[in-house]
Amino acid sequence: MRFLLTEEQQDFARSLRAMLSAAEVPAVVRAWERGDHSPGRALWQRVAEAGVFALAVPQEHEGAGVLPVELALAFLELGRHAAPGPYVETAAVAALLNGTPLAKEWLPRIAAGEAVVTLSDGGYALDADAAEAVFLLAPAVAVAPSGGELRVSADTARRLYRPLAGESIAVGAERVAAARDLARLLTAAQALGVGEALLAETVSYAKQRTQFGSPIGAFQAVKHRLADTLVGLEFARPLLFGAALSMRPGDIAAAKVGAGEAAYAAARAALQLHGAVGYTQELDLSLWLRKARPLRDAWGAPGVCRGRVMED
């Protein structure tokens, strides 16, 4: 299958990229790491005004209709710019509540960016301190208040909480599955965006850093490493958009494996070619480096996703 984005979809991605590029997202990330949510909430509202959350909400609830391809495009850009916050989880909550008695209460507010919520699948809840509510998928579907016990995360901008006890809500198994699938798809999109950002920054650095009087990018070993990274990311891209078109669980799992592994490989290449300076807090690159591994494992580690592909 040959898949090409429409001109309208490309314009949407370009406009979102321009907005995020002008938003000084690294400063927002550093504030979010400290627990200061004000800059992140301002960015959240700008993303909502761009129509991103509306893409996960049906028209009858003031959304644009559920549009997985456009959502994948949007979340790729959010990953490319390392935007902090429970973006994936909020969109997945929209999928969870669609068609349920709670839809009227929550979905218009999610579409407008007024409700920041998060989602937990029996483990930790991302950014539960910044969320208005925490929705739980396991052991039973429930809604819990914000907050909980903060846990250590490899990515300090991904603030993980052990959620508080919740109140059960009536949501069918098909909605739970839809929420998990959308969370997995959009995490794959974020991972791909992170990987592409890491590759772009590493290529730029390889042109500037010199060794033995030449840019390190001129060395064959470096060229091969960067080429391998590019191939991995380019193979992951059609998997992502193919999954967004079909929304089949096996396709989504394959996209998650492809994007997660490609992003992690991009992070390893970036760290090796930047040297130890890559992980220093002063260098913005570290904000992306710390995301690759958690995104690879969030909403389905590679082994889990490979198993799901085999089942399909």
# chains A, B, ... in the order shown; residues from 1 in each chain; ligands from 1
>>> residues_around(residues="A:Arg30", least_positions_apart="5", cutoff="10 Å", atoms="only C-alpha atoms", output="MDAnalysis selection string")
chainID A and resid 25 35:36 39:40 84 156:157 281 284 287
>>> write_last_selection(atoms="C-alpha atoms", output="PDB file, in the first residue's frame")
ATOM      1  CA  VAL A  25       9.221  23.987  24.857  1.00  0.00           C
ATOM      2  CA  GLY A  35       6.416  20.581  39.415  1.00  0.00           C
ATOM      3  CA  ASP A  36       5.636  24.032  38.003  1.00  0.00           C
ATOM      4  CA  PRO A  39       3.956  27.072  31.464  1.00  0.00           C
ATOM      5  CA  GLY A  40       2.831  23.546  30.588  1.00  0.00           C
ATOM      6  CA  PRO A  84       5.413  17.494  28.691  1.00  0.00           C
ATOM      7  CA  THR A 156      12.015  13.542  35.232  1.00  0.00           C
ATOM      8  CA  ALA A 157       9.485  15.287  32.986  1.00  0.00           C
ATOM      9  CA  GLN A 281      21.249  18.874  32.166  1.00  0.00           C
ATOM     10  CA  ASP A 284      18.600  20.418  25.711  1.00  0.00           C
ATOM     11  CA  LEU A 287      15.373  16.240  27.465  1.00  0.00           C
TER      12      LEU A 287
END
>>> select_by_dssp(residues="stretch 68-212 of chain A", states="helix (DSSP H, G or I)", output="PDB file with C-alpha atoms, in the first residue's frame")
ATOM      1  CA  PRO A  68      -6.545   8.652  14.125  1.00  0.00           C
ATOM      2  CA  VAL A  69      -4.269   9.718  11.239  1.00  0.00           C
ATOM      3  CA  GLU A  70      -4.462  13.385  12.204  1.00  0.00           C
ATOM      4  CA  LEU A  71      -3.946  12.420  15.854  1.00  0.00           C
ATOM      5  CA  ALA A  72      -0.829  10.458  14.906  1.00  0.00           C
ATOM      6  CA  LEU A  73       0.486  13.491  13.030  1.00  0.00           C
ATOM      7  CA  ALA A  74      -0.181  15.758  16.001  1.00  0.00           C
ATOM      8  CA  PHE A  75       1.441  13.452  18.533  1.00  0.00           C
ATOM      9  CA  LEU A  76       4.462  12.963  16.310  1.00  0.00           C
ATOM     10  CA  GLU A  77       4.979  16.728  16.542  1.00  0.00           C
ATOM     11  CA  LEU A  78       4.394  16.707  20.302  1.00  0.00           C
ATOM     12  CA  GLY A  79       7.116  14.062  20.580  1.00  0.00           C
ATOM     13  CA  ARG A  80       9.413  15.957  18.225  1.00  0.00           C
ATOM     14  CA  TYR A  87      -1.368  14.287  26.237  1.00  0.00           C
ATOM     15  CA  VAL A  88      -1.604  10.605  25.270  1.00  0.00           C
ATOM     16  CA  GLU A  89      -3.581   9.722  28.360  1.00  0.00           C
ATOM     17  CA  THR A  90      -6.081  12.555  27.938  1.00  0.00           C
ATOM     18  CA  ALA A  91      -6.795  11.513  24.342  1.00  0.00           C
ATOM     19  CA  ALA A  92      -7.139   7.892  25.475  1.00  0.00           C
ATOM     20  CA  VAL A  93      -9.629   8.916  28.170  1.00  0.00           C
ATOM     21  CA  ALA A  94     -11.734  10.448  25.393  1.00  0.00           C
ATOM     22  CA  ALA A  95     -11.738   7.030  23.689  1.00  0.00           C
ATOM     23  CA  LEU A  96     -12.574   5.354  26.995  1.00  0.00           C
ATOM     24  CA  LEU A  97     -15.583   7.543  27.726  1.00  0.00           C
ATOM     25  CA  ALA A 103     -19.186  11.362  27.742  1.00  0.00           C
ATOM     26  CA  LYS A 104     -21.401  14.436  28.005  1.00  0.00           C
ATOM     27  CA  GLU A 105     -19.620  15.578  31.169  1.00  0.00           C
ATOM     28  CA  TRP A 106     -16.030  15.078  30.046  1.00  0.00           C
ATOM     29  CA  LEU A 107     -15.642  15.010  26.266  1.00  0.00           C
ATOM     30  CA  PRO A 108     -16.534  18.646  25.450  1.00  0.00           C
ATOM     31  CA  ARG A 109     -14.101  19.786  28.122  1.00  0.00           C
ATOM     32  CA  ILE A 110     -11.364  17.494  26.814  1.00  0.00           C
ATOM     33  CA  ALA A 111     -11.914  18.773  23.267  1.00  0.00           C
ATOM     34  CA  ALA A 173     -14.670  -3.907  27.746  1.00  0.00           C
ATOM     35  CA  GLU A 174     -14.725  -2.577  24.176  1.00  0.00           C
ATOM     36  CA  ARG A 175     -14.137   0.975  25.411  1.00  0.00           C
ATOM     37  CA  VAL A 176     -11.248  -0.191  27.601  1.00  0.00           C
ATOM     38  CA  ALA A 177      -9.693  -1.885  24.571  1.00  0.00           C
ATOM     39  CA  ALA A 178     -10.204   1.244  22.468  1.00  0.00           C
ATOM     40  CA  ALA A 179      -8.484   3.391  25.101  1.00  0.00           C
ATOM     41  CA  ARG A 180      -5.504   1.036  25.293  1.00  0.00           C
ATOM     42  CA  ASP A 181      -5.161   0.895  21.526  1.00  0.00           C
ATOM     43  CA  LEU A 182      -5.282   4.673  21.123  1.00  0.00           C
ATOM     44  CA  ALA A 183      -2.786   5.175  23.958  1.00  0.00           C
ATOM     45  CA  ARG A 184      -0.443   2.676  22.309  1.00  0.00           C
ATOM     46  CA  LEU A 185      -0.783   4.313  18.877  1.00  0.00           C
ATOM     47  CA  LEU A 186      -0.186   7.843  20.150  1.00  0.00           C
ATOM     48  CA  THR A 187       2.759   6.754  22.295  1.00  0.00           C
ATOM     49  CA  ALA A 188       4.259   5.236  19.141  1.00  0.00           C
ATOM     50  CA  ALA A 189       3.755   8.578  17.382  1.00  0.00           C
ATOM     51  CA  GLN A 190       5.421  10.446  20.238  1.00  0.00           C
ATOM     52  CA  ALA A 191       8.346   8.001  20.194  1.00  0.00           C
ATOM     53  CA  LEU A 192       8.808   8.468  16.453  1.00  0.00           C
ATOM     54  CA  GLY A 193       8.848  12.250  16.920  1.00  0.00           C
ATOM     55  CA  VAL A 194      11.455  11.939  19.661  1.00  0.00           C
ATOM     56  CA  GLY A 195      13.588   9.721  17.448  1.00  0.00           C
ATOM     57  CA  GLU A 196      13.414  12.108  14.505  1.00  0.00           C
ATOM     58  CA  ALA A 197      14.357  15.051  16.728  1.00  0.00           C
ATOM     59  CA  LEU A 198      17.333  13.129  18.138  1.00  0.00           C
ATOM     60  CA  LEU A 199      18.545  12.182  14.673  1.00  0.00           C
ATOM     61  CA  ALA A 200      18.246  15.756  13.367  1.00  0.00           C
ATOM     62  CA  GLU A 201      20.191  17.128  16.330  1.00  0.00           C
ATOM     63  CA  THR A 202      22.876  14.445  16.021  1.00  0.00           C
ATOM     64  CA  VAL A 203      23.353  15.056  12.299  1.00  0.00           C
ATOM     65  CA  SER A 204      23.759  18.766  12.994  1.00  0.00           C
ATOM     66  CA  TYR A 205      26.281  18.075  15.749  1.00  0.00           C
ATOM     67  CA  ALA A 206      28.248  15.646  13.554  1.00  0.00           C
ATOM     68  CA  LYS A 207      28.712  18.424  11.001  1.00  0.00           C
ATOM     69  CA  GLN A 208      30.055  20.819  13.636  1.00  0.00           C
TER      70      GLN A 208
END
>>> select_by_dssp(residues="stretch 5-253 of chain A", states="strand (DSSP E)", output="PDB file with all heavy atoms, in the first residue's frame")
ATOM      1  N   VAL A 117      -6.637  15.272  32.137  1.00  0.00           N
ATOM      2  CA  VAL A 117      -6.869  14.015  32.855  1.00  0.00           C
ATOM      3  C   VAL A 117      -5.754  13.044  32.486  1.00  0.00           C
ATOM      4  O   VAL A 117      -5.010  13.256  31.527  1.00  0.00           O
ATOM      5  CB  VAL A 117      -8.245  13.414  32.506  1.00  0.00           C
ATOM      6  CG1 VAL A 117      -9.364  14.288  33.053  1.00  0.00           C
ATOM      7  CG2 VAL A 117      -8.415  13.231  31.001  1.00  0.00           C
ATOM      8  N   THR A 118      -5.656  11.988  33.256  1.00  0.00           N
ATOM      9  CA  THR A 118      -4.644  10.985  32.953  1.00  0.00           C
ATOM     10  C   THR A 118      -5.249   9.608  33.116  1.00  0.00           C
ATOM     11  O   THR A 118      -6.390   9.465  33.587  1.00  0.00           O
ATOM     12  CB  THR A 118      -3.385  11.175  33.815  1.00  0.00           C
ATOM     13  OG1 THR A 118      -2.335  10.343  33.297  1.00  0.00           O
ATOM     14  CG2 THR A 118      -3.640  10.840  35.272  1.00  0.00           C
ATOM     15  N   LEU A 119      -4.481   8.588  32.732  1.00  0.00           N
ATOM     16  CA  LEU A 119      -4.991   7.221  32.642  1.00  0.00           C
ATOM     17  C   LEU A 119      -3.930   6.259  33.145  1.00  0.00           C
ATOM     18  O   LEU A 119      -2.744   6.415  32.835  1.00  0.00           O
ATOM     19  CB  LEU A 119      -5.337   6.917  31.182  1.00  0.00           C
ATOM     20  CG  LEU A 119      -6.050   5.614  30.859  1.00  0.00           C
ATOM     21  CD1 LEU A 119      -7.461   5.613  31.427  1.00  0.00           C
ATOM     22  CD2 LEU A 119      -6.102   5.404  29.339  1.00  0.00           C
ATOM     23  N   SER A 120      -4.365   5.266  33.907  1.00  0.00           N
ATOM     24  CA  SER A 120      -3.456   4.260  34.432  1.00  0.00           C
ATOM     25  C   SER A 120      -4.013   2.876  34.122  1.00  0.00           C
ATOM     26  O   SER A 120      -5.214   2.644  34.239  1.00  0.00           O
ATOM     27  CB  SER A 120      -3.293   4.421  35.954  1.00  0.00           C
ATOM     28  OG  SER A 120      -2.570   3.330  36.496  1.00  0.00           O
ATOM     29  N   ALA A 125       0.336   6.310  37.205  1.00  0.00           N
ATOM     30  CA  ALA A 125      -0.416   7.311  36.444  1.00  0.00           C
ATOM     31  C   ALA A 125       0.520   8.468  36.129  1.00  0.00           C
ATOM     32  O   ALA A 125       1.133   9.044  37.033  1.00  0.00           O
ATOM     33  CB  ALA A 125      -1.622   7.797  37.236  1.00  0.00           C
ATOM     34  N   LEU A 126       0.614   8.819  34.858  1.00  0.00           N
ATOM     35  CA  LEU A 126       1.494   9.904  34.435  1.00  0.00           C
ATOM     36  C   LEU A 126       0.906  11.250  34.829  1.00  0.00           C
ATOM     37  O   LEU A 126      -0.258  11.536  34.535  1.00  0.00           O
ATOM     38  CB  LEU A 126       1.697   9.843  32.921  1.00  0.00           C
ATOM     39  CG  LEU A 126       2.555  10.937  32.300  1.00  0.00           C
ATOM     40  CD1 LEU A 126       4.003  10.804  32.760  1.00  0.00           C
ATOM     41  CD2 LEU A 126       2.470  10.888  30.775  1.00  0.00           C
ATOM     42  N   ALA A 133      -8.458  14.551  37.159  1.00  0.00           N
ATOM     43  CA  ALA A 133      -8.911  13.231  37.584  1.00  0.00           C
ATOM     44  C   ALA A 133      -7.996  12.184  36.984  1.00  0.00           C
ATOM     45  O   ALA A 133      -7.347  12.413  35.953  1.00  0.00           O
ATOM     46  CB  ALA A 133     -10.356  12.977  37.152  1.00  0.00           C
ATOM     47  N   VAL A 134      -7.933  11.024  37.627  1.00  0.00           N
ATOM     48  CA  VAL A 134      -7.144   9.892  37.158  1.00  0.00           C
ATOM     49  C   VAL A 134      -8.112   8.757  36.853  1.00  0.00           C
ATOM     50  O   VAL A 134      -8.829   8.282  37.746  1.00  0.00           O
ATOM     51  CB  VAL A 134      -6.120   9.442  38.220  1.00  0.00           C
ATOM     52  CG1 VAL A 134      -5.307   8.257  37.707  1.00  0.00           C
ATOM     53  CG2 VAL A 134      -5.209  10.596  38.619  1.00  0.00           C
ATOM     54  N   PHE A 135      -8.148   8.311  35.609  1.00  0.00           N
ATOM     55  CA  PHE A 135      -8.994   7.193  35.226  1.00  0.00           C
ATOM     56  C   PHE A 135      -8.161   5.915  35.272  1.00  0.00           C
ATOM     57  O   PHE A 135      -7.021   5.886  34.811  1.00  0.00           O
ATOM     58  CB  PHE A 135      -9.585   7.425  33.841  1.00  0.00           C
ATOM     59  CG  PHE A 135     -10.648   8.486  33.821  1.00  0.00           C
ATOM     60  CD1 PHE A 135     -10.303   9.828  33.725  1.00  0.00           C
ATOM     61  CD2 PHE A 135     -11.986   8.147  33.932  1.00  0.00           C
ATOM     62  CE1 PHE A 135     -11.272  10.817  33.731  1.00  0.00           C
ATOM     63  CE2 PHE A 135     -12.974   9.131  33.935  1.00  0.00           C
ATOM     64  CZ  PHE A 135     -12.615  10.468  33.835  1.00  0.00           C
ATOM     65  N   LEU A 136      -8.732   4.875  35.837  1.00  0.00           N
ATOM     66  CA  LEU A 136      -8.048   3.600  36.026  1.00  0.00           C
ATOM     67  C   LEU A 136      -8.695   2.540  35.141  1.00  0.00           C
ATOM     68  O   LEU A 136      -9.928   2.439  35.087  1.00  0.00           O
ATOM     69  CB  LEU A 136      -8.128   3.161  37.491  1.00  0.00           C
ATOM     70  CG  LEU A 136      -7.754   4.214  38.547  1.00  0.00           C
ATOM     71  CD1 LEU A 136      -7.996   3.676  39.947  1.00  0.00           C
ATOM     72  CD2 LEU A 136      -6.308   4.645  38.390  1.00  0.00           C
ATOM     73  N   ALA A 142     -12.300   2.720  36.881  1.00  0.00           N
ATOM     74  CA  ALA A 142     -12.668   3.611  37.972  1.00  0.00           C
ATOM     75  C   ALA A 142     -12.118   4.989  37.691  1.00  0.00           C
ATOM     76  O   ALA A 142     -11.280   5.179  36.805  1.00  0.00           O
ATOM     77  CB  ALA A 142     -12.127   3.076  39.300  1.00  0.00           C
ATOM     78  N   VAL A 143     -12.591   5.972  38.461  1.00  0.00           N
ATOM     79  CA  VAL A 143     -12.045   7.324  38.397  1.00  0.00           C
ATOM     80  C   VAL A 143     -11.593   7.711  39.791  1.00  0.00           C
ATOM     81  O   VAL A 143     -12.303   7.497  40.779  1.00  0.00           O
ATOM     82  CB  VAL A 143     -13.079   8.322  37.834  1.00  0.00           C
ATOM     83  CG1 VAL A 143     -14.358   8.368  38.669  1.00  0.00           C
ATOM     84  CG2 VAL A 143     -12.465   9.711  37.700  1.00  0.00           C
ATOM     85  N   ALA A 144     -10.378   8.237  39.887  1.00  0.00           N
ATOM     86  CA  ALA A 144      -9.763   8.576  41.167  1.00  0.00           C
ATOM     87  C   ALA A 144      -9.408  10.053  41.180  1.00  0.00           C
ATOM     88  O   ALA A 144      -9.270  10.681  40.130  1.00  0.00           O
ATOM     89  CB  ALA A 144      -8.510   7.724  41.397  1.00  0.00           C
ATOM     90  N   GLU A 149       1.198   8.896  45.201  1.00  0.00           N
ATOM     91  CA  GLU A 149       2.586   8.776  45.658  1.00  0.00           C
ATOM     92  C   GLU A 149       3.530   8.928  44.476  1.00  0.00           C
ATOM     93  O   GLU A 149       3.490   8.142  43.538  1.00  0.00           O
ATOM     94  CB  GLU A 149       2.797   7.419  46.329  1.00  0.00           C
ATOM     95  CG  GLU A 149       4.206   7.209  46.860  1.00  0.00           C
ATOM     96  CD  GLU A 149       4.420   5.799  47.383  1.00  0.00           C
ATOM     97  OE1 GLU A 149       3.451   5.009  47.394  1.00  0.00           O
ATOM     98  OE2 GLU A 149       5.566   5.492  47.762  1.00  0.00           O
ATOM     99  N   LEU A 150       4.379   9.952  44.506  1.00  0.00           N
ATOM    100  CA  LEU A 150       5.315  10.211  43.418  1.00  0.00           C
ATOM    101  C   LEU A 150       6.422   9.158  43.427  1.00  0.00           C
ATOM    102  O   LEU A 150       6.983   8.834  44.469  1.00  0.00           O
ATOM    103  CB  LEU A 150       5.928  11.606  43.575  1.00  0.00           C
ATOM    104  CG  LEU A 150       6.957  12.027  42.514  1.00  0.00           C
ATOM    105  CD1 LEU A 150       6.323  12.083  41.136  1.00  0.00           C
ATOM    106  CD2 LEU A 150       7.556  13.384  42.888  1.00  0.00           C
ATOM    107  N   ARG A 151       6.726   8.624  42.245  1.00  0.00           N
ATOM    108  CA  ARG A 151       7.765   7.623  42.098  1.00  0.00           C
ATOM    109  C   ARG A 151       8.895   8.179  41.223  1.00  0.00           C
ATOM    110  O   ARG A 151       8.707   9.125  40.466  1.00  0.00           O
ATOM    111  CB  ARG A 151       7.202   6.355  41.444  1.00  0.00           C
ATOM    112  CG  ARG A 151       5.933   5.841  42.091  1.00  0.00           C
ATOM    113  CD  ARG A 151       6.166   5.373  43.502  1.00  0.00           C
ATOM    114  NE  ARG A 151       6.950   4.171  43.548  1.00  0.00           N
ATOM    115  CZ  ARG A 151       7.303   3.544  44.655  1.00  0.00           C
ATOM    116  NH1 ARG A 151       6.951   4.025  45.828  1.00  0.00           N
ATOM    117  NH2 ARG A 151       8.021   2.440  44.601  1.00  0.00           N
ATOM    118  N   LEU A 160       5.604  10.183  37.486  1.00  0.00           N
ATOM    119  CA  LEU A 160       4.775   9.005  37.696  1.00  0.00           C
ATOM    120  C   LEU A 160       4.268   8.941  39.127  1.00  0.00           C
ATOM    121  O   LEU A 160       5.026   9.173  40.076  1.00  0.00           O
ATOM    122  CB  LEU A 160       5.567   7.738  37.374  1.00  0.00           C
ATOM    123  CG  LEU A 160       6.135   7.639  35.952  1.00  0.00           C
ATOM    124  CD1 LEU A 160       6.941   6.357  35.792  1.00  0.00           C
ATOM    125  CD2 LEU A 160       5.018   7.710  34.925  1.00  0.00           C
ATOM    126  N   TYR A 161       2.989   8.612  39.272  1.00  0.00           N
ATOM    127  CA  TYR A 161       2.355   8.538  40.584  1.00  0.00           C
ATOM    128  C   TYR A 161       1.645   7.199  40.746  1.00  0.00           C
ATOM    129  O   TYR A 161       1.030   6.694  39.793  1.00  0.00           O
ATOM    130  CB  TYR A 161       1.329   9.658  40.749  1.00  0.00           C
ATOM    131  CG  TYR A 161       1.945  11.023  40.959  1.00  0.00           C
ATOM    132  CD1 TYR A 161       2.441  11.750  39.888  1.00  0.00           C
ATOM    133  CD2 TYR A 161       2.056  11.570  42.238  1.00  0.00           C
ATOM    134  CE1 TYR A 161       3.021  12.998  40.073  1.00  0.00           C
ATOM    135  CE2 TYR A 161       2.635  12.815  42.435  1.00  0.00           C
ATOM    136  CZ  TYR A 161       3.112  13.510  41.350  1.00  0.00           C
ATOM    137  OH  TYR A 161       3.695  14.743  41.533  1.00  0.00           O
ATOM    138  N   ARG A 162       1.734   6.656  41.940  1.00  0.00           N
ATOM    139  CA  ARG A 162       0.890   5.515  42.277  1.00  0.00           C
ATOM    140  C   ARG A 162      -0.487   6.087  42.629  1.00  0.00           C
ATOM    141  O   ARG A 162      -0.624   6.810  43.612  1.00  0.00           O
ATOM    142  CB  ARG A 162       1.466   4.735  43.458  1.00  0.00           C
ATOM    143  CG  ARG A 162       0.763   3.399  43.691  1.00  0.00           C
ATOM    144  CD  ARG A 162       1.393   2.637  44.848  1.00  0.00           C
ATOM    145  NE  ARG A 162       2.764   2.265  44.565  1.00  0.00           N
ATOM    146  CZ  ARG A 162       3.122   1.215  43.830  1.00  0.00           C
ATOM    147  NH1 ARG A 162       2.188   0.470  43.266  1.00  0.00           N
ATOM    148  NH2 ARG A 162       4.390   0.934  43.640  1.00  0.00           N
ATOM    149  N   GLU A 167     -13.379   5.377  42.335  1.00  0.00           N
ATOM    150  CA  GLU A 167     -14.782   4.971  42.365  1.00  0.00           C
ATOM    151  C   GLU A 167     -15.126   4.312  41.030  1.00  0.00           C
ATOM    152  O   GLU A 167     -14.885   4.870  39.959  1.00  0.00           O
ATOM    153  CB  GLU A 167     -15.673   6.197  42.580  1.00  0.00           C
ATOM    154  CG  GLU A 167     -17.146   5.883  42.611  1.00  0.00           C
ATOM    155  CD  GLU A 167     -17.982   7.136  42.807  1.00  0.00           C
ATOM    156  OE1 GLU A 167     -17.408   8.180  43.170  1.00  0.00           O
ATOM    157  OE2 GLU A 167     -19.206   7.072  42.590  1.00  0.00           O
ATOM    158  N   SER A 168     -15.675   3.108  41.080  1.00  0.00           N
ATOM    159  CA  SER A 168     -15.966   2.353  39.866  1.00  0.00           C
ATOM    160  C   SER A 168     -16.934   3.104  38.960  1.00  0.00           C
ATOM    161  O   SER A 168     -17.842   3.798  39.428  1.00  0.00           O
ATOM    162  CB  SER A 168     -16.557   0.980  40.214  1.00  0.00           C
ATOM    163  OG  SER A 168     -15.615   0.199  40.911  1.00  0.00           O
ATOM    164  N   THR A 210      34.577  18.575  15.309  1.00  0.00           N
ATOM    165  CA  THR A 210      35.724  18.133  14.508  1.00  0.00           C
ATOM    166  C   THR A 210      36.642  17.234  15.322  1.00  0.00           C
ATOM    167  O   THR A 210      36.726  17.335  16.543  1.00  0.00           O
ATOM    168  CB  THR A 210      36.534  19.341  14.001  1.00  0.00           C
ATOM    169  OG1 THR A 210      37.008  20.099  15.124  1.00  0.00           O
ATOM    170  CG2 THR A 210      35.683  20.221  13.104  1.00  0.00           C
ATOM    171  N   GLN A 211      37.299  16.346  14.601  1.00  0.00           N
ATOM    172  CA  GLN A 211      38.315  15.468  15.186  1.00  0.00           C
ATOM    173  C   GLN A 211      39.359  15.201  14.109  1.00  0.00           C
ATOM    174  O   GLN A 211      38.998  14.925  12.952  1.00  0.00           O
ATOM    175  CB  GLN A 211      37.670  14.165  15.670  1.00  0.00           C
ATOM    176  CG  GLN A 211      38.566  13.361  16.587  1.00  0.00           C
ATOM    177  CD  GLN A 211      37.809  12.192  17.201  1.00  0.00           C
ATOM    178  OE1 GLN A 211      37.250  11.383  16.480  1.00  0.00           O
ATOM    179  NE2 GLN A 211      37.795  12.110  18.515  1.00  0.00           N
ATOM    180  N   SER A 214      38.789  17.212  10.901  1.00  0.00           N
ATOM    181  CA  SER A 214      37.628  17.007  10.031  1.00  0.00           C
ATOM    182  C   SER A 214      36.366  16.866  10.873  1.00  0.00           C
ATOM    183  O   SER A 214      36.426  16.391  12.018  1.00  0.00           O
ATOM    184  CB  SER A 214      37.797  15.740   9.176  1.00  0.00           C
ATOM    185  OG  SER A 214      38.932  15.836   8.355  1.00  0.00           O
ATOM    186  N   PRO A 215      35.199  17.240  10.326  1.00  0.00           N
ATOM    187  CA  PRO A 215      33.941  16.989  11.037  1.00  0.00           C
ATOM    188  C   PRO A 215      33.748  15.489  11.236  1.00  0.00           C
ATOM    189  O   PRO A 215      34.050  14.699  10.326  1.00  0.00           O
ATOM    190  CB  PRO A 215      32.877  17.560  10.092  1.00  0.00           C
ATOM    191  CG  PRO A 215      33.592  18.464   9.167  1.00  0.00           C
ATOM    192  CD  PRO A 215      34.984  17.915   9.023  1.00  0.00           C
TER     193      PRO A 215
END
>>> atom_distance(atom1="atom CA of A:Leu289", atom2="atom CA of A:Ala267")
5.4 Å
>>> residues_around(residues="stretch 128-132 of chain A", least_positions_apart="6", cutoff="6 Å", atoms="only C-alpha atoms", output="ChimeraX atom specification")
/A:116-117,146-147
>>> residues_around(residues="A:Gly113", least_positions_apart="5", cutoff="10 Å", atoms="only C-alpha atoms", output="list in words")
Arg41, Trp44, Gln45, Arg46, Val47, Ala48, Glu49, Gly51, Val52, Phe53, Ala54, Thr90, Leu107 and Pro108 of chain A
>>> atom_distance(atom1="atom CA of A:Leu230", atom2="atom CA of A:Val257")
15.9 Å
>>> residues_around(residues="A:Gly99", least_positions_apart="6", cutoff="10 Å", atoms="only C-alpha atoms", output="CSV table (one decimal) with N, CA, C and O atoms, in the first residue's frame")
chain,number,residue,atom,x,y,z
A,58,PRO,N,-15.8,12.8,19.3
A,58,PRO,CA,-16.8,12.9,18.3
A,58,PRO,C,-17.5,14.2,18.1
A,58,PRO,O,-17.5,15.0,19.1
A,171,VAL,N,-18.1,1.2,32.3
A,171,VAL,CA,-17.5,1.3,31.0
A,171,VAL,C,-17.3,-0.1,30.5
A,171,VAL,O,-16.7,-1.0,31.2
A,172,GLY,N,-17.7,-0.4,29.3
A,172,GLY,CA,-17.6,-1.8,28.7
A,172,GLY,C,-16.2,-2.1,28.3
A,172,GLY,O,-15.3,-1.2,28.1
A,175,ARG,N,-14.7,-0.4,25.2
A,175,ARG,CA,-14.1,1.0,25.4
A,175,ARG,C,-12.8,0.9,26.1
A,175,ARG,O,-11.9,1.7,25.8
>>> closest_residue(among="A:Ala266, A:Val277, A:Ala22, A:Ala253", to="A:Ala298", atoms="only C-alpha atoms")
A:Ala253
>>> atom_distance(atom1="atom CA of A:Ala83", atom2="atom CA of A:Val29")
6.8 Å
